[in-house]
Amino acid sequence: MTAKLISGVEIARQIREELKGETGRLKEKCKVTPGLVTILVGQNPASMSYVTAKQKAAREIGFHSVQENQPETMTEYELLALIERYNRDPKIHGILVQLPLPRHINETKVLYAIDPKKDVDGFHPLNVGKMVIGEADYLPCTPAGIQQLLIRSGVKTDGAEVVIVGRSNIVGKPIANILLQKKPGANATVTICHTGTKEMASHTRRADILIVAAGRPRSITADMVKEGAVVIDVGVNRIGKTPDGKALLCGDVDFDAVKEKAGMITPVPGGVGPMTITMLMMNTLKAAKLAAGIESR
Ligand code: GUN
């Protein structure tokens with residue numbers, strides 16, 4: 001059997017069309033234009049390409065978008081002052097500081113400095129706490145994108161065995177919290193595996209839905225996957241360059257072998273990646289509506 005491909009590109013395109021329509025109506029009826037600022041410190045090539053893609057998506061949907069490219073030498077104090085400026089700017093509804101930051105800047109301090117109402121990444125501890133108790137305004141973008149992929153592909157999560165590989169604050173921990181909520185598109189039994197897990201394959205083989213965010217290229221092999229499982233690959237590993245000089249990417253799943261065993265699978269690229277950016281747009285639109293009092297908390 002060959003698995004059905006879950007196309008993040010196609011699902012992201014549909015959602016972006018919906019967001020474009022809603023943004024147009026918000027501008028026309030309420031004279032509100034959602035505003036997003038992305039702050040990049042330094043020149044990490046992966047971060048530069050992510051931020052460029054976020055800005056492009058924002059402009060295409062019709063947002064007011066501002067890109068702040070700051071030098072690697074920027075001090076923590078200067079970054080905190082810049083964030084404060086955007087916290088006070090009424091034209092900006094969402095603030096995104098691209099991670100990772102240079103080593104001399106304390107990431108936690110920076111995430112605390114963003115006004116939780118403008119924290120469209122969902123990384124501020126207040127928003128993390130609200131997510132855990134099922135009261136989130138903004139779900140973190142990659143996990144929210146994974147949930148949308150499952151919902152829009154008709155995958156039943158209610159009562160499903162979900163196994164997550166990886167316990168990062170950006171993916172593993174939040175997707176576990178989201179999928180265990182007693183809500184539609186969730187209500188699953190969730191296991192998180194990590195580098196301390198013994199007999200990893202004994203867990204992954206039980207999964208109806210296997211979500212992999214381990215950061216290890218092609219580390220999930222076919223023998224670790226149950227026949228017919230839904231496999232979501234969050235890995236983005238740069239393994240070389242294409243003949244035309246673009247980054248050659250592969251996931252954390254051995255795609256060619258696993259697609260012969262899984263029921264559904266996401267590709268890399270073109271799976272989770274486009275959804276992350278789309279969820280950032282959804283959160284920014286929501287932030288603008290909340291600020292305008294059009295949507296209540
Ligand atoms: N770096 C990798 N993923 C993300 C993300 O979702 N948000 C931010 N701000 N930085 C990241």
# chains A, B, ... in the order shown; residues from 1 in each chain; ligands from 1
>>> residues_around(residues="Asn127 of chain A", least_positions_apart="6", cutoff="8 Å", atoms="only C-alpha atoms", output="PyMOL selection string")
chain A and resi 116+119+136-139
>>> write_last_selection(atoms="all heavy atoms", output="PDB file, in the first residue's frame")
ATOM      1  N   PRO A 116       1.659  39.944  25.720  1.00  0.00           N
ATOM      2  CA  PRO A 116       0.953  38.682  25.429  1.00  0.00           C
ATOM      3  C   PRO A 116      -0.177  38.849  24.406  1.00  0.00           C
ATOM      4  O   PRO A 116      -0.474  37.925  23.666  1.00  0.00           O
ATOM      5  CB  PRO A 116       0.403  38.257  26.790  1.00  0.00           C
ATOM      6  CG  PRO A 116       1.276  38.918  27.787  1.00  0.00           C
ATOM      7  CD  PRO A 116       1.752  40.207  27.166  1.00  0.00           C
ATOM      8  N   ASP A 119       1.464  38.439  21.090  1.00  0.00           N
ATOM      9  CA  ASP A 119       2.351  37.273  21.013  1.00  0.00           C
ATOM     10  C   ASP A 119       1.761  36.217  20.067  1.00  0.00           C
ATOM     11  O   ASP A 119       1.259  35.175  20.492  1.00  0.00           O
ATOM     12  CB  ASP A 119       2.537  36.708  22.431  1.00  0.00           C
ATOM     13  CG  ASP A 119       3.227  35.374  22.442  1.00  0.00           C
ATOM     14  OD1 ASP A 119       4.147  35.175  21.625  1.00  0.00           O
ATOM     15  OD2 ASP A 119       2.820  34.506  23.255  1.00  0.00           O
ATOM     16  N   ALA A 136      -6.604  29.039  25.178  1.00  0.00           N
ATOM     17  CA  ALA A 136      -5.644  29.814  24.373  1.00  0.00           C
ATOM     18  C   ALA A 136      -6.319  30.821  23.459  1.00  0.00           C
ATOM     19  O   ALA A 136      -7.349  30.534  22.849  1.00  0.00           O
ATOM     20  CB  ALA A 136      -4.810  28.860  23.528  1.00  0.00           C
ATOM     21  N   ASP A 137      -5.737  32.035  23.375  1.00  0.00           N
ATOM     22  CA  ASP A 137      -6.079  32.963  22.298  1.00  0.00           C
ATOM     23  C   ASP A 137      -5.266  32.600  21.061  1.00  0.00           C
ATOM     24  O   ASP A 137      -5.763  32.631  19.949  1.00  0.00           O
ATOM     25  CB  ASP A 137      -5.746  34.409  22.700  1.00  0.00           C
ATOM     26  CG  ASP A 137      -6.620  34.882  23.844  1.00  0.00           C
ATOM     27  OD1 ASP A 137      -7.810  34.541  23.847  1.00  0.00           O
ATOM     28  OD2 ASP A 137      -6.092  35.571  24.736  1.00  0.00           O
ATOM     29  N   TYR A 138      -3.979  32.301  21.289  1.00  0.00           N
ATOM     30  CA  TYR A 138      -3.078  31.987  20.180  1.00  0.00           C
ATOM     31  C   TYR A 138      -2.387  30.656  20.450  1.00  0.00           C
ATOM     32  O   TYR A 138      -1.623  30.547  21.408  1.00  0.00           O
ATOM     33  CB  TYR A 138      -1.987  33.059  20.051  1.00  0.00           C
ATOM     34  CG  TYR A 138      -2.507  34.466  20.074  1.00  0.00           C
ATOM     35  CD1 TYR A 138      -2.128  35.358  21.072  1.00  0.00           C
ATOM     36  CD2 TYR A 138      -3.392  34.909  19.094  1.00  0.00           C
ATOM     37  CE1 TYR A 138      -2.611  36.651  21.106  1.00  0.00           C
ATOM     38  CE2 TYR A 138      -3.883  36.209  19.121  1.00  0.00           C
ATOM     39  CZ  TYR A 138      -3.487  37.068  20.125  1.00  0.00           C
ATOM     40  OH  TYR A 138      -3.966  38.335  20.149  1.00  0.00           O
ATOM     41  N   LEU A 139      -2.657  29.673  19.599  1.00  0.00           N
ATOM     42  CA  LEU A 139      -1.912  28.418  19.710  1.00  0.00           C
ATOM     43  C   LEU A 139      -0.574  28.598  18.995  1.00  0.00           C
ATOM     44  O   LEU A 139      -0.520  29.272  17.960  1.00  0.00           O
ATOM     45  CB  LEU A 139      -2.693  27.288  19.031  1.00  0.00           C
ATOM     46  CG  LEU A 139      -3.982  26.835  19.712  1.00  0.00           C
ATOM     47  CD1 LEU A 139      -4.685  25.784  18.858  1.00  0.00           C
ATOM     48  CD2 LEU A 139      -3.707  26.285  21.105  1.00  0.00           C
TER      49      LEU A 139
END
>>> select_by_dssp(residues="segment 150-293 of chain A", states="strand (DSSP E)", output="PDB file with all heavy atoms, in the first residue's frame")
ATOM      1  N   GLU A 161      -4.527   6.836  19.474  1.00  0.00           N
ATOM      2  CA  GLU A 161      -3.217   6.760  20.143  1.00  0.00           C
ATOM      3  C   GLU A 161      -2.275   7.680  19.375  1.00  0.00           C
ATOM      4  O   GLU A 161      -1.930   7.397  18.220  1.00  0.00           O
ATOM      5  CB  GLU A 161      -2.652   5.335  20.069  1.00  0.00           C
ATOM      6  CG  GLU A 161      -3.335   4.327  20.956  1.00  0.00           C
ATOM      7  CD  GLU A 161      -2.943   4.443  22.431  1.00  0.00           C
ATOM      8  OE1 GLU A 161      -1.919   5.092  22.739  1.00  0.00           O
ATOM      9  OE2 GLU A 161      -3.677   3.899  23.264  1.00  0.00           O
ATOM     10  N   VAL A 162      -1.873   8.787  19.999  1.00  0.00           N
ATOM     11  CA  VAL A 162      -0.920   9.703  19.366  1.00  0.00           C
ATOM     12  C   VAL A 162       0.437   9.525  20.031  1.00  0.00           C
ATOM     13  O   VAL A 162       0.530   9.569  21.262  1.00  0.00           O
ATOM     14  CB  VAL A 162      -1.379  11.173  19.500  1.00  0.00           C
ATOM     15  CG1 VAL A 162      -0.287  12.131  19.036  1.00  0.00           C
ATOM     16  CG2 VAL A 162      -2.654  11.419  18.713  1.00  0.00           C
ATOM     17  N   VAL A 163       1.462   9.301  19.242  1.00  0.00           N
ATOM     18  CA  VAL A 163       2.821   9.244  19.793  1.00  0.00           C
ATOM     19  C   VAL A 163       3.631  10.367  19.154  1.00  0.00           C
ATOM     20  O   VAL A 163       3.643  10.529  17.931  1.00  0.00           O
ATOM     21  CB  VAL A 163       3.479   7.862  19.564  1.00  0.00           C
ATOM     22  CG1 VAL A 163       4.921   7.858  20.071  1.00  0.00           C
ATOM     23  CG2 VAL A 163       2.670   6.771  20.257  1.00  0.00           C
ATOM     24  N   ILE A 164       4.273  11.151  20.019  1.00  0.00           N
ATOM     25  CA  ILE A 164       5.076  12.291  19.574  1.00  0.00           C
ATOM     26  C   ILE A 164       6.537  11.963  19.855  1.00  0.00           C
ATOM     27  O   ILE A 164       6.866  11.496  20.955  1.00  0.00           O
ATOM     28  CB  ILE A 164       4.646  13.562  20.345  1.00  0.00           C
ATOM     29  CG1 ILE A 164       3.177  13.887  20.033  1.00  0.00           C
ATOM     30  CG2 ILE A 164       5.551  14.744  20.028  1.00  0.00           C
ATOM     31  CD1 ILE A 164       2.501  14.743  21.077  1.00  0.00           C
ATOM     32  N   VAL A 165       7.398  12.192  18.885  1.00  0.00           N
ATOM     33  CA  VAL A 165       8.839  12.002  19.117  1.00  0.00           C
ATOM     34  C   VAL A 165       9.474  13.385  19.166  1.00  0.00           C
ATOM     35  O   VAL A 165       9.487  14.107  18.163  1.00  0.00           O
ATOM     36  CB  VAL A 165       9.473  11.130  18.013  1.00  0.00           C
ATOM     37  CG1 VAL A 165      10.955  10.896  18.321  1.00  0.00           C
ATOM     38  CG2 VAL A 165       8.745   9.791  17.877  1.00  0.00           C
ATOM     39  N   THR A 189      -5.215  10.036  23.168  1.00  0.00           N
ATOM     40  CA  THR A 189      -4.326   9.510  24.216  1.00  0.00           C
ATOM     41  C   THR A 189      -2.904   9.782  23.736  1.00  0.00           C
ATOM     42  O   THR A 189      -2.525   9.334  22.661  1.00  0.00           O
ATOM     43  CB  THR A 189      -4.554   7.995  24.396  1.00  0.00           C
ATOM     44  OG1 THR A 189      -5.925   7.789  24.712  1.00  0.00           O
ATOM     45  CG2 THR A 189      -3.673   7.430  25.490  1.00  0.00           C
ATOM     46  N   VAL A 190      -2.157  10.551  24.542  1.00  0.00           N
ATOM     47  CA  VAL A 190      -0.888  11.092  24.027  1.00  0.00           C
ATOM     48  C   VAL A 190       0.324  10.548  24.784  1.00  0.00           C
ATOM     49  O   VAL A 190       0.336  10.513  26.015  1.00  0.00           O
ATOM     50  CB  VAL A 190      -0.905  12.646  24.132  1.00  0.00           C
ATOM     51  CG1 VAL A 190       0.421  13.223  23.658  1.00  0.00           C
ATOM     52  CG2 VAL A 190      -2.056  13.231  23.334  1.00  0.00           C
ATOM     53  N   THR A 191       1.326  10.141  24.038  1.00  0.00           N
ATOM     54  CA  THR A 191       2.617   9.726  24.601  1.00  0.00           C
ATOM     55  C   THR A 191       3.707  10.610  23.987  1.00  0.00           C
ATOM     56  O   THR A 191       3.671  10.856  22.777  1.00  0.00           O
ATOM     57  CB  THR A 191       2.919   8.253  24.207  1.00  0.00           C
ATOM     58  OG1 THR A 191       1.844   7.426  24.637  1.00  0.00           O
ATOM     59  CG2 THR A 191       4.232   7.760  24.811  1.00  0.00           C
ATOM     60  N   ILE A 192       4.629  11.076  24.815  1.00  0.00           N
ATOM     61  CA  ILE A 192       5.785  11.822  24.270  1.00  0.00           C
ATOM     62  C   ILE A 192       7.049  10.991  24.470  1.00  0.00           C
ATOM     63  O   ILE A 192       7.360  10.596  25.596  1.00  0.00           O
ATOM     64  CB  ILE A 192       5.986  13.190  24.966  1.00  0.00           C
ATOM     65  CG1 ILE A 192       4.705  14.021  24.927  1.00  0.00           C
ATOM     66  CG2 ILE A 192       7.137  13.953  24.316  1.00  0.00           C
ATOM     67  CD1 ILE A 192       4.857  15.410  25.545  1.00  0.00           C
ATOM     68  N   CYS A 193       7.761  10.733  23.385  1.00  0.00           N
ATOM     69  CA  CYS A 193       9.064  10.052  23.453  1.00  0.00           C
ATOM     70  C   CYS A 193      10.171  11.092  23.300  1.00  0.00           C
ATOM     71  O   CYS A 193       9.975  12.122  22.647  1.00  0.00           O
ATOM     72  CB  CYS A 193       9.215   9.046  22.316  1.00  0.00           C
ATOM     73  SG  CYS A 193       7.982   7.746  22.336  1.00  0.00           S
ATOM     74  N   ILE A 209      -1.470   7.837  15.187  1.00  0.00           N
ATOM     75  CA  ILE A 209      -0.947   9.088  14.627  1.00  0.00           C
ATOM     76  C   ILE A 209       0.455   9.283  15.213  1.00  0.00           C
ATOM     77  O   ILE A 209       0.617   9.363  16.432  1.00  0.00           O
ATOM     78  CB  ILE A 209      -1.852  10.286  14.999  1.00  0.00           C
ATOM     79  CG1 ILE A 209      -3.283  10.071  14.482  1.00  0.00           C
ATOM     80  CG2 ILE A 209      -1.261  11.595  14.465  1.00  0.00           C
ATOM     81  CD1 ILE A 209      -4.304  11.085  15.005  1.00  0.00           C
ATOM     82  N   LEU A 210       1.445   9.320  14.334  1.00  0.00           N
ATOM     83  CA  LEU A 210       2.833   9.467  14.781  1.00  0.00           C
ATOM     84  C   LEU A 210       3.335  10.839  14.336  1.00  0.00           C
ATOM     85  O   LEU A 210       3.321  11.156  13.141  1.00  0.00           O
ATOM     86  CB  LEU A 210       3.686   8.352  14.146  1.00  0.00           C
ATOM     87  CG  LEU A 210       5.181   8.346  14.459  1.00  0.00           C
ATOM     88  CD1 LEU A 210       5.436   8.191  15.958  1.00  0.00           C
ATOM     89  CD2 LEU A 210       5.883   7.205  13.696  1.00  0.00           C
ATOM     90  N   ILE A 211       3.746  11.660  15.312  1.00  0.00           N
ATOM     91  CA  ILE A 211       4.214  13.026  15.015  1.00  0.00           C
ATOM     92  C   ILE A 211       5.693  13.095  15.373  1.00  0.00           C
ATOM     93  O   ILE A 211       6.065  12.844  16.525  1.00  0.00           O
ATOM     94  CB  ILE A 211       3.392  14.067  15.816  1.00  0.00           C
ATOM     95  CG1 ILE A 211       1.906  13.946  15.440  1.00  0.00           C
ATOM     96  CG2 ILE A 211       3.919  15.485  15.555  1.00  0.00           C
ATOM     97  CD1 ILE A 211       0.973  14.775  16.300  1.00  0.00           C
ATOM     98  N   VAL A 212       6.527  13.430  14.391  1.00  0.00           N
ATOM     99  CA  VAL A 212       7.966  13.334  14.613  1.00  0.00           C
ATOM    100  C   VAL A 212       8.622  14.709  14.500  1.00  0.00           C
ATOM    101  O   VAL A 212       8.575  15.354  13.452  1.00  0.00           O
ATOM    102  CB  VAL A 212       8.618  12.361  13.606  1.00  0.00           C
ATOM    103  CG1 VAL A 212      10.059  12.112  14.006  1.00  0.00           C
ATOM    104  CG2 VAL A 212       7.843  11.049  13.542  1.00  0.00           C
ATOM    105  N   VAL A 230      -1.069   7.318  10.524  1.00  0.00           N
ATOM    106  CA  VAL A 230      -0.924   8.666   9.946  1.00  0.00           C
ATOM    107  C   VAL A 230       0.406   9.214  10.463  1.00  0.00           C
ATOM    108  O   VAL A 230       0.628   9.268  11.679  1.00  0.00           O
ATOM    109  CB  VAL A 230      -2.093   9.581  10.389  1.00  0.00           C
ATOM    110  CG1 VAL A 230      -1.892  11.004   9.885  1.00  0.00           C
ATOM    111  CG2 VAL A 230      -3.421   9.005   9.902  1.00  0.00           C
ATOM    112  N   VAL A 231       1.295   9.624   9.556  1.00  0.00           N
ATOM    113  CA  VAL A 231       2.639  10.053   9.956  1.00  0.00           C
ATOM    114  C   VAL A 231       2.832  11.522   9.593  1.00  0.00           C
ATOM    115  O   VAL A 231       2.717  11.919   8.434  1.00  0.00           O
ATOM    116  CB  VAL A 231       3.721   9.176   9.272  1.00  0.00           C
ATOM    117  CG1 VAL A 231       5.120   9.647   9.667  1.00  0.00           C
ATOM    118  CG2 VAL A 231       3.529   7.706   9.647  1.00  0.00           C
ATOM    119  N   ILE A 232       3.102  12.325  10.623  1.00  0.00           N
ATOM    120  CA  ILE A 232       3.335  13.763  10.432  1.00  0.00           C
ATOM    121  C   ILE A 232       4.807  14.045  10.714  1.00  0.00           C
ATOM    122  O   ILE A 232       5.276  13.855  11.842  1.00  0.00           O
ATOM    123  CB  ILE A 232       2.452  14.604  11.402  1.00  0.00           C
ATOM    124  CG1 ILE A 232       0.966  14.234  11.297  1.00  0.00           C
ATOM    125  CG2 ILE A 232       2.700  16.101  11.207  1.00  0.00           C
ATOM    126  CD1 ILE A 232       0.271  14.666  10.042  1.00  0.00           C
ATOM    127  N   ASP A 233       5.509  14.506   9.700  1.00  0.00           N
ATOM    128  CA  ASP A 233       6.956  14.715   9.799  1.00  0.00           C
ATOM    129  C   ASP A 233       7.259  16.209   9.926  1.00  0.00           C
ATOM    130  O   ASP A 233       7.054  16.981   8.989  1.00  0.00           O
ATOM    131  CB  ASP A 233       7.609  14.138   8.526  1.00  0.00           C
ATOM    132  CG  ASP A 233       9.124  14.110   8.597  1.00  0.00           C
ATOM    133  OD1 ASP A 233       9.696  14.663   9.565  1.00  0.00           O
ATOM    134  OD2 ASP A 233       9.743  13.524   7.689  1.00  0.00           O
ATOM    135  N   ASN A 237      15.614  19.087   7.764  1.00  0.00           N
ATOM    136  CA  ASN A 237      17.064  18.885   7.847  1.00  0.00           C
ATOM    137  C   ASN A 237      17.694  19.267   6.522  1.00  0.00           C
ATOM    138  O   ASN A 237      17.247  18.819   5.466  1.00  0.00           O
ATOM    139  CB  ASN A 237      17.362  17.413   8.161  1.00  0.00           C
ATOM    140  CG  ASN A 237      16.673  16.957   9.447  1.00  0.00           C
ATOM    141  OD1 ASN A 237      17.040  17.379  10.524  1.00  0.00           O
ATOM    142  ND2 ASN A 237      15.647  16.127   9.324  1.00  0.00           N
ATOM    143  N   ARG A 238      18.714  20.125   6.600  1.00  0.00           N
ATOM    144  CA  ARG A 238      19.416  20.556   5.377  1.00  0.00           C
ATOM    145  C   ARG A 238      20.536  19.563   5.116  1.00  0.00           C
ATOM    146  O   ARG A 238      21.476  19.473   5.882  1.00  0.00           O
ATOM    147  CB  ARG A 238      19.963  21.968   5.572  1.00  0.00           C
ATOM    148  CG  ARG A 238      18.831  22.955   5.586  1.00  0.00           C
ATOM    149  CD  ARG A 238      19.158  24.329   6.108  1.00  0.00           C
ATOM    150  NE  ARG A 238      17.922  25.086   6.051  1.00  0.00           N
ATOM    151  CZ  ARG A 238      17.685  26.088   5.216  1.00  0.00           C
ATOM    152  NH1 ARG A 238      18.607  26.499   4.395  1.00  0.00           N
ATOM    153  NH2 ARG A 238      16.519  26.680   5.210  1.00  0.00           N
ATOM    154  N   ILE A 239      20.400  18.810   4.015  1.00  0.00           N
ATOM    155  CA  ILE A 239      21.367  17.727   3.768  1.00  0.00           C
ATOM    156  C   ILE A 239      22.242  17.974   2.541  1.00  0.00           C
ATOM    157  O   ILE A 239      22.903  17.079   2.060  1.00  0.00           O
ATOM    158  CB  ILE A 239      20.644  16.363   3.629  1.00  0.00           C
ATOM    159  CG1 ILE A 239      19.497  16.466   2.614  1.00  0.00           C
ATOM    160  CG2 ILE A 239      20.134  15.867   4.966  1.00  0.00           C
ATOM    161  CD1 ILE A 239      18.981  15.123   2.169  1.00  0.00           C
ATOM    162  N   GLY A 240      22.222  19.207   2.043  1.00  0.00           N
ATOM    163  CA  GLY A 240      23.054  19.531   0.887  1.00  0.00           C
ATOM    164  C   GLY A 240      22.396  20.608   0.061  1.00  0.00           C
ATOM    165  O   GLY A 240      21.525  21.328   0.572  1.00  0.00           O
ATOM    166  N   LYS A 241      22.805  20.687  -1.207  1.00  0.00           N
ATOM    167  CA  LYS A 241      22.233  21.705  -2.104  1.00  0.00           C
ATOM    168  C   LYS A 241      21.727  21.034  -3.372  1.00  0.00           C
ATOM    169  O   LYS A 241      22.310  20.045  -3.832  1.00  0.00           O
ATOM    170  CB  LYS A 241      23.304  22.738  -2.478  1.00  0.00           C
ATOM    171  CG  LYS A 241      23.709  23.619  -1.307  1.00  0.00           C
ATOM    172  CD  LYS A 241      23.767  25.082  -1.712  1.00  0.00           C
ATOM    173  CE  LYS A 241      23.681  25.980  -0.508  1.00  0.00           C
ATOM    174  NZ  LYS A 241      24.755  26.928  -0.398  1.00  0.00           N
ATOM    175  N   ALA A 247      18.603  24.903  -0.901  1.00  0.00           N
ATOM    176  CA  ALA A 247      18.852  23.917   0.160  1.00  0.00           C
ATOM    177  C   ALA A 247      18.087  22.627  -0.147  1.00  0.00           C
ATOM    178  O   ALA A 247      16.920  22.664  -0.509  1.00  0.00           O
ATOM    179  CB  ALA A 247      18.407  24.487   1.497  1.00  0.00           C
ATOM    180  N   LEU A 248      18.788  21.499  -0.003  1.00  0.00           N
ATOM    181  CA  LEU A 248      18.146  20.194  -0.186  1.00  0.00           C
ATOM    182  C   LEU A 248      17.684  19.725   1.192  1.00  0.00           C
ATOM    183  O   LEU A 248      18.484  19.620   2.116  1.00  0.00           O
ATOM    184  CB  LEU A 248      19.157  19.211  -0.791  1.00  0.00           C
ATOM    185  CG  LEU A 248      18.624  17.841  -1.198  1.00  0.00           C
ATOM    186  CD1 LEU A 248      17.567  17.969  -2.294  1.00  0.00           C
ATOM    187  CD2 LEU A 248      19.775  16.960  -1.691  1.00  0.00           C
ATOM    188  N   LEU A 249      16.378  19.467   1.318  1.00  0.00           N
ATOM    189  CA  LEU A 249      15.809  19.169   2.627  1.00  0.00           C
ATOM    190  C   LEU A 249      15.357  17.715   2.729  1.00  0.00           C
ATOM    191  O   LEU A 249      14.962  17.117   1.741  1.00  0.00           O
ATOM    192  CB  LEU A 249      14.571  20.053   2.880  1.00  0.00           C
ATOM    193  CG  LEU A 249      14.747  21.565   2.769  1.00  0.00           C
ATOM    194  CD1 LEU A 249      13.412  22.262   3.008  1.00  0.00           C
ATOM    195  CD2 LEU A 249      15.785  22.058   3.777  1.00  0.00           C
ATOM    196  N   CYS A 250      15.424  17.175   3.947  1.00  0.00           N
ATOM    197  CA  CYS A 250      14.729  15.910   4.197  1.00  0.00           C
ATOM    198  C   CYS A 250      14.145  15.970   5.598  1.00  0.00           C
ATOM    199  O   CYS A 250      14.524  16.801   6.418  1.00  0.00           O
ATOM    200  CB  CYS A 250      15.651  14.710   4.021  1.00  0.00           C
ATOM    201  SG  CYS A 250      16.644  14.309   5.456  1.00  0.00           S
ATOM    202  N   MET A 264      -1.365   7.554   5.776  1.00  0.00           N
ATOM    203  CA  MET A 264      -1.226   8.934   5.296  1.00  0.00           C
ATOM    204  C   MET A 264       0.124   9.452   5.781  1.00  0.00           C
ATOM    205  O   MET A 264       0.586   9.069   6.866  1.00  0.00           O
ATOM    206  CB  MET A 264      -2.304   9.846   5.895  1.00  0.00           C
ATOM    207  CG  MET A 264      -3.699   9.606   5.396  1.00  0.00           C
ATOM    208  SD  MET A 264      -4.748  10.940   6.048  1.00  0.00           S
ATOM    209  CE  MET A 264      -6.327  10.407   5.471  1.00  0.00           C
ATOM    210  N   ILE A 265       0.708  10.363   5.003  1.00  0.00           N
ATOM    211  CA  ILE A 265       2.024  10.886   5.391  1.00  0.00           C
ATOM    212  C   ILE A 265       2.197  12.304   4.838  1.00  0.00           C
ATOM    213  O   ILE A 265       1.658  12.631   3.777  1.00  0.00           O
ATOM    214  CB  ILE A 265       3.150   9.936   4.893  1.00  0.00           C
ATOM    215  CG1 ILE A 265       4.509  10.307   5.483  1.00  0.00           C
ATOM    216  CG2 ILE A 265       3.205   9.877   3.366  1.00  0.00           C
ATOM    217  CD1 ILE A 265       5.573   9.215   5.303  1.00  0.00           C
TER     218      ILE A 265
END
>>> residues_near_ligand(ligand="ligand 1", cutoff="10 Å", atoms="only C-alpha atoms and all ligand atoms", output="PyMOL selection string")
chain A and resi 38-40+46-47+50-51+95-101+111+119-123+140-143+170-171+273+276-277+279-280
>>> atom_distance(atom1="atom CA of Leu82 of chain A", atom2="atom CA of Met48 of chain A")
18.9 Å
>>> select_by_dssp(residues="segment 46-257 of chain A", states="alpha helix (DSSP H)", output="ChimeraX atom specification")
/A:46-61,76-88,107-113,125-132,141-152,172-179,200-204,255-257
>>> atom_distance(atom1="atom CA of Arg13 of chain A", atom2="atom CA of Ala57 of chain A")
10.4 Å
>>> residues_around(residues="Leu79 of chain A", least_positions_apart="3", cutoff="10 Å", atoms="only C-alpha atoms", output="list in words")
Ile39, Val41, Gln70, Met74, Thr75, Glu76, Leu82, Ile83, Glu84, Arg85, Val97, Ile105, Val110 and Ala113 of chain A
>>> residues_around(residues="His194 of chain A", least_positions_apart="5", cutoff="8 Å", atoms="only C-alpha atoms", output="PyMOL selection string")
chain A and resi 165-167+214
>>> write_last_selection(atoms="all heavy atoms", output="short mmCIF file (atom, residue, chain, number, x, y, z; two decimals), in the first residue's frame")
data_model
loop_
_atom_site.label_atom_id
_atom_site.label_comp_id
_atom_site.auth_asym_id
_atom_site.auth_seq_id
_atom_site.Cartn_x
_atom_site.Cartn_y
_atom_site.Cartn_z
N VAL A 165 7.40 12.19 18.89
CA VAL A 165 8.84 12.00 19.12
C VAL A 165 9.47 13.39 19.17
O VAL A 165 9.49 14.11 18.16
CB VAL A 165 9.47 11.13 18.01
CG1 VAL A 165 10.95 10.90 18.32
CG2 VAL A 165 8.75 9.79 17.88
N GLY A 166 9.95 13.77 20.34
CA GLY A 166 10.54 15.11 20.53
C GLY A 166 9.74 15.89 21.57
O GLY A 166 8.52 15.88 21.55
N ARG A 167 10.45 16.58 22.47
CA ARG A 167 9.77 17.28 23.58
C ARG A 167 10.12 18.76 23.62
O ARG A 167 10.23 19.37 24.68
CB ARG A 167 10.14 16.64 24.91
CG ARG A 167 11.64 16.65 25.15
CD ARG A 167 12.00 16.08 26.48
NE ARG A 167 13.35 15.53 26.44
CZ ARG A 167 13.89 14.82 27.42
NH1 ARG A 167 13.22 14.58 28.51
NH2 ARG A 167 15.11 14.36 27.30
N ALA A 214 12.06 15.39 15.93
CA ALA A 214 13.24 14.96 16.67
C ALA A 214 14.51 15.67 16.22
O ALA A 214 15.50 15.70 16.95
CB ALA A 214 13.42 13.45 16.50
#
>>> atom_distance(atom1="atom CA of Pro217 of chain A", atom2="atom CA of Lys4 of chain A")
21.6 Å
>>> residues_around(residues="Ile92 of chain A", least_positions_apart="4", cutoff="7 Å", atoms="only C-alpha atoms", output="mmCIF file with N, CA and C atoms, in the first residue's frame")
data_model
loop_
_atom_site.group_PDB
_atom_site.id
_atom_site.type_symbol
_atom_site.label_atom_id
_atom_site.label_comp_id
_atom_site.auth_asym_id
_atom_site.auth_seq_id
_atom_site.Cartn_x
_atom_site.Cartn_y
_atom_site.Cartn_z
ATOM 1 N N GLY A 35 -1.635 44.100 11.412
ATOM 2 C CA GLY A 35 -0.225 44.464 11.236
ATOM 3 C C GLY A 35 0.696 43.465 11.923
ATOM 4 N N LEU A 36 1.719 43.036 11.197
ATOM 5 C CA LEU A 36 2.682 42.060 11.736
ATOM 6 C C LEU A 36 4.100 42.597 11.588
ATOM 7 N N VAL A 37 4.873 42.553 12.670
ATOM 8 C CA VAL A 37 6.310 42.852 12.553
ATOM 9 C C VAL A 37 7.101 41.571 12.823
ATOM 10 N N TYR A 86 7.199 48.364 19.545
ATOM 11 C CA TYR A 86 6.096 47.705 18.820
ATOM 12 C C TYR A 86 4.954 47.295 19.758
#
>>> closest_residue(among="A:Ile15, A:Lys20, A:Leu26, A:Gly271", to="Lys289 of chain A", atoms="only C-alpha atoms")
A:Leu26
